[in-house]
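J.: The structure follows.
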Amino acid sequence: MWKQFLNKLPRKSQKSDRDSARNPNSGSDSGLACSGGSTAKRASAAVFPASVIAGIEPLLAFKNVSNSEKMNLFISKLSICCVVFDFSDPTKNVQENELKRATLVELVDFVSETPPKFSEPAILASCKMCSINLFRVFPPKCRSRSTGSGENENDDEPMFDPAWSHLQLVYEFLLKFVTSSSLEAKAAKKYVNNDFISRIIDLLESDDPRERDCLKAILHRIYGKFMIHRPFIRKCISNVFYRFIFEVEKHNGIAELLEIFGSVITGFALPLKEEHKVFFWRALIPLHKPKSLGVYFQQLSYCVNQYVEKEPKLASHLIQGLLKYWPITNSQKEVMFLGEVEEILEVISMNEFQKVMVPLCCRIRHCINSYHFQVAERALFLWNNDQILSLVAHNRQVILPIVFPALEANAQNHWNQAILNLTMNVRKVLTEMDDALASACISSNQEQQEKESSSVEKRKQVWEHLENAASLHPMMARNTAVLVTH
């Protein structure tokens, strides 16, 4: 059965066989208990993995060959796994599928057991096998632009690849291979190159969360092992974010990429390079804009907080960015923004806070008056934070006149009893902070309300005068302008 399966593998030309037979580094006899095949052919098989079956029996177990032949057997087994089957019909190629699955299990076990140092042909064969099995184009559904109205977005079920039984083993092999101490980065960087990495990142558009978890772990290990590729990986991730923010607003792997970048940020040296600051300004802050923020908000919040911890001066820039992208009609996003604001205010310095306190407090004032009780509740909970109260106390002459009118409006008009209770508690806290200033704010607010009431009354009188004039001269009113004096 396996011979029929192996016949599907591509063969190299006879010229290649003759050339490889003349290779002076072909080595000595292997001592394998298998029929046919010379040492020269086995050396040729190491260079041309597609023809390894002519030189060594690929179905042998690793324990049944000598240490000197294990790497050749490893390459032979990789060649078997380069055949990709169609899983759309479960009854098709059942025996071949099982043979490939068993071979992949053997390869994973071999790589996990600290094998000899991987030779360059072995690295080439490993990358080739992973590329053939993993790199593929997803169905159009995975790349479609999200609709502006958000219609039926939640009705789209994720699409799982029917070949996952093989893909999972290939991913496990690649992870073990990249992290193996037998793989030298200096030799592997030729094959784990920019093209290989960019295609790994492209796979993060997969609908399958299991596949994205595997890719996340692999990409993180590649970033850690191949220092030469780190700038390229950061650039690729940036490009994915830019396309997501400004073009498609649809990508399944944003959370995973942010999780990878969160661990990368912890390794940034101080002071931060300009490249890292640009990424913060142009990618991380605008990532608050898409309506799918809730999918990756936790990872995004972690990343921006890591930046602020490393460079406290970025706190004011972050708050300005949040105010720029503040949601107006999306209450769930507004609650998330308020939570992130609280985390920033817990670590912000006084100087940075003073740069943004006026626009920030104006936005919080609007949130306090929100008719959506969760938004109003989250905004009022900010005043239970001791660090925020400390910032407010030092700047109360500016902040209290902004906030008190919102508290007074809530106390008079809000429909939710829980919000009324929270409003009275916050009002009490601010009054205890500075009773005289609070009284002045209340008086000023009352005067402002009286002015507004007077203005409304005058406007009402003007409209009544216009209506009376129009009723006295109905025909004339259609073509004649009416002069109204206050």
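Each chain in the structure tokens gets a letter, A, B and so on, in the order shown; residues start at 1 in every chain, and ligands are counted from 1 in the order they appear.
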For Cys82 in chain A, work out the shell of residues within 6 Å, counting only C-alpha atoms and skipping chain neighbours fewer than 2 positions away, then give it as a ChimeraX atom specification.

T.: /A:79-80,129

J.: Nearest residue to Met433 in chain A out of A:Cys367, A:Leu107, A:Val356, A:Leu400, using only C-alpha atoms?

T.: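 Distance minimum relative to Met433 in chain A lands on A:Leu400.
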
J.: Write out as a list in words each polymer residue whose atoms come within 10 Å of Arg396 in chain A, counting only C-alpha atoms; drop sequence neighbours fewer than 5 positions from it.

T.: Leu389, Ser390, Leu391, Pro401, Ile402, Val403, Leu430, Met433, Asp434, Leu437 and Ala438 of chain A

J.: Export N, CA, C and O atoms of the chosen residues as a CSV table (one decimal), in the first residue's frame?

T.:
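Result written to out-v3.csv:
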chain,number,residue,atom,x,y,z
A,389,LEU,N,-8.9,60.6,42.7
A,389,LEU,CA,-9.3,61.7,43.6
A,389,LEU,C,-8.1,62.6,44.0
A,389,LEU,O,-8.3,63.8,44.2
A,390,SER,N,-6.9,62.0,44.1
A,390,SER,CA,-5.8,62.8,44.4
A,390,SER,C,-5.4,63.7,43.3
A,390,SER,O,-5.1,64.9,43.6
A,391,LEU,N,-5.5,63.3,42.1
A,391,LEU,CA,-5.3,64.2,40.9
A,391,LEU,C,-6.4,65.3,40.9
A,391,LEU,O,-6.0,66.4,40.6
A,401,PRO,N,-15.7,72.9,38.7
A,401,PRO,CA,-16.7,73.6,37.9
A,401,PRO,C,-17.1,72.9,36.6
A,401,PRO,O,-18.2,73.2,36.1
A,402,ILE,N,-16.3,72.0,36.1
A,402,ILE,CA,-16.7,71.2,34.9
A,402,ILE,C,-17.6,70.1,35.3
A,402,ILE,O,-18.6,69.8,34.6
A,403,VAL,N,-17.4,69.4,36.4
A,403,VAL,CA,-18.1,68.2,36.8
A,403,VAL,C,-19.4,68.5,37.5
A,403,VAL,O,-20.4,67.8,37.3
A,430,LEU,N,-17.0,65.2,46.6
A,430,LEU,CA,-16.4,66.5,46.1
A,430,LEU,C,-16.7,67.6,47.0
A,430,LEU,O,-15.9,68.6,47.1
A,433,MET,N,-14.3,67.6,49.7
A,433,MET,CA,-13.0,67.9,49.3
A,433,MET,C,-12.8,69.5,49.4
A,433,MET,O,-11.7,69.9,49.8
A,434,ASP,N,-13.8,70.2,49.0
A,434,ASP,CA,-13.7,71.7,49.1
A,434,ASP,C,-15.1,72.2,49.2
A,434,ASP,O,-15.8,72.5,48.1
A,437,LEU,N,-15.7,75.8,47.4
A,437,LEU,CA,-15.7,75.7,46.0
A,437,LEU,C,-17.0,75.0,45.4
A,437,LEU,O,-17.5,75.3,44.4
A,438,ALA,N,-17.4,73.9,46.1
A,438,ALA,CA,-18.6,73.2,45.7
A,438,ALA,C,-19.8,74.1,45.8
A,438,ALA,O,-20.6,74.0,44.9

J.: Would you pick out the contacts of Phe241 in chain A at 12 Å or less, using only C-alpha atoms, so that residues sharing its chain but fewer than 3 positions from it are not included, and give the list as a PyMOL selection string?

T.: chain A and resi 201+234-238+244-258+261+279-280+282-290+300

J.: So which residues touch Glu343 in chain A within 12 Å, counting only C-alpha atoms, skipping near sequence neighbours fewer than 3 positions away, as JSON, numbers by chain?

T.: {"A": [301, 302, 304, 305, 306, 308, 309, 315, 318, 319, 336, 337, 338, 339, 340, 346, 347, 348, 382, 385, 387, 388]}

J.: Residues of range 192-254 of chain A in helix (DSSP H, G or I) according to DSSP, as a VMD selection string?

T.: chain A and resid 194 to 205 209 to 225 227 to 248 254

J.: Would you mind listing what lies within 12 Å of Glu334 in chain A as a tab-separated table (two decimals) with C-alpha atoms, in the first residue's frame, with only C-alpha atoms counted and same-chain residues fewer than 2 positions away left out?

T.:
chain	number	residue	atom	x	y	z
A	288	HIS	CA	-9.32	51.88	19.30
A	289	LYS	CA	-11.34	53.05	16.29
A	291	LYS	CA	-16.15	48.70	15.89
A	293	LEU	CA	-12.65	46.59	19.43
A	294	GLY	CA	-14.21	44.24	21.95
A	322	LEU	CA	-8.80	58.02	23.18
A	323	LEU	CA	-10.63	61.35	23.10
A	325	TYR	CA	-11.64	58.08	18.77
A	326	TRP	CA	-14.19	58.26	21.59
A	327	PRO	CA	-17.38	56.38	20.60
A	328	ILE	CA	-20.56	58.43	20.47
A	329	THR	CA	-23.23	55.85	19.65
A	330	ASN	CA	-21.61	52.63	20.91
A	331	SER	CA	-22.22	52.31	24.65
A	332	GLN	CA	-20.22	49.10	25.06
A	336	MET	CA	-14.34	49.98	27.66
A	337	PHE	CA	-12.82	53.41	27.04
A	338	LEU	CA	-13.73	54.55	30.55
A	339	GLY	CA	-12.08	51.45	31.99
A	340	GLU	CA	-8.90	52.15	30.04
A	341	VAL	CA	-8.94	55.79	31.13
A	363	ARG	CA	-15.83	63.96	28.14
A	364	ILE	CA	-16.38	62.33	31.55
A	366	HIS	CA	-20.94	63.83	29.13
A	367	CYS	CA	-20.61	60.20	30.22
A	368	ILE	CA	-22.02	61.01	33.66
A	370	SER	CA	-25.51	59.46	29.63
A	372	HIS	CA	-27.32	54.50	29.20
A	373	PHE	CA	-27.00	53.52	32.85
A	374	GLN	CA	-23.84	51.38	32.34
A	375	VAL	CA	-21.95	54.32	30.83
A	376	ALA	CA	-23.09	56.68	33.59
A	377	GLU	CA	-22.31	54.07	36.25
A	378	ARG	CA	-18.77	53.46	34.90
A	379	ALA	CA	-18.09	57.20	34.75

J.: Show me, as JSON, numbers by chain, the residues that have an atom within 8 Å of Cys81 in chain A when counting only C-alpha atoms, minus same-chain residues fewer than 6 positions from it.

T.: {"A": [100, 103, 104, 129]}

J.: Could the residues in this selection be saved with N, CA and C atoms as a PDB file, in the first residue's frame?

T.:
ATOM      1  N   LYS A 100       0.276   9.107   6.535  1.00  0.00           N
ATOM      2  CA  LYS A 100       0.877  10.435   6.707  1.00  0.00           C
ATOM      3  C   LYS A 100       0.746  10.905   8.154  1.00  0.00           C
ATOM      4  N   THR A 103       3.279   9.160  10.263  1.00  0.00           N
ATOM      5  CA  THR A 103       4.620   9.682   9.983  1.00  0.00           C
ATOM      6  C   THR A 103       4.829  11.042  10.653  1.00  0.00           C
ATOM      7  N   LEU A 104       3.823  11.884  10.629  1.00  0.00           N
ATOM      8  CA  LEU A 104       3.925  13.187  11.299  1.00  0.00           C
ATOM      9  C   LEU A 104       4.120  13.013  12.793  1.00  0.00           C
ATOM     10  N   MET A 129       8.333  21.024   3.812  1.00  0.00           N
ATOM     11  CA  MET A 129       7.163  20.262   4.231  1.00  0.00           C
ATOM     12  C   MET A 129       6.126  21.157   4.909  1.00  0.00           C
TER      13      MET A 129
END

J.: May I ask for the distance between CA of Val94 in chain A and CA of Met71 in chain A, given in Å to one decimal place?

T.: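 If I compute the distance from CA of Val94 in chain A to CA of Met71 in chain A, I get 28.2 Å.
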
J.: When distances are computed from only C-alpha atoms, which of A:Val111, A:Ile399, A:Val278, A:Val295 shows the smallest separation from Leu314 in chain A?

T.: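 For Leu314 in chain A, the nearest of the given residues is A:Val278.
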
J.: To one decimal place, how far is CA of Lys186 in chain A from CA of Leu203 in chain A in Å?

T.: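 Computing the Euclidean distance for CA of Lys186 in chain A and CA of Leu203 in chain A yields 25.1 Å.
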
J.: Expressed in Å to a single decimal, how great is the separation between CA of Arg221 in chain A and CA of Arg101 in chain A?

T.: 24.5 Å

J.: Rank nothing, just name the residue among A:Ser68, A:Gln417, A:Thr423, A:Asn351 nearest to Asn384 in chain A, using only C-alpha atoms.

T.: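 That would be A:Thr423, the residue with the smallest distance to Asn384 in chain A.
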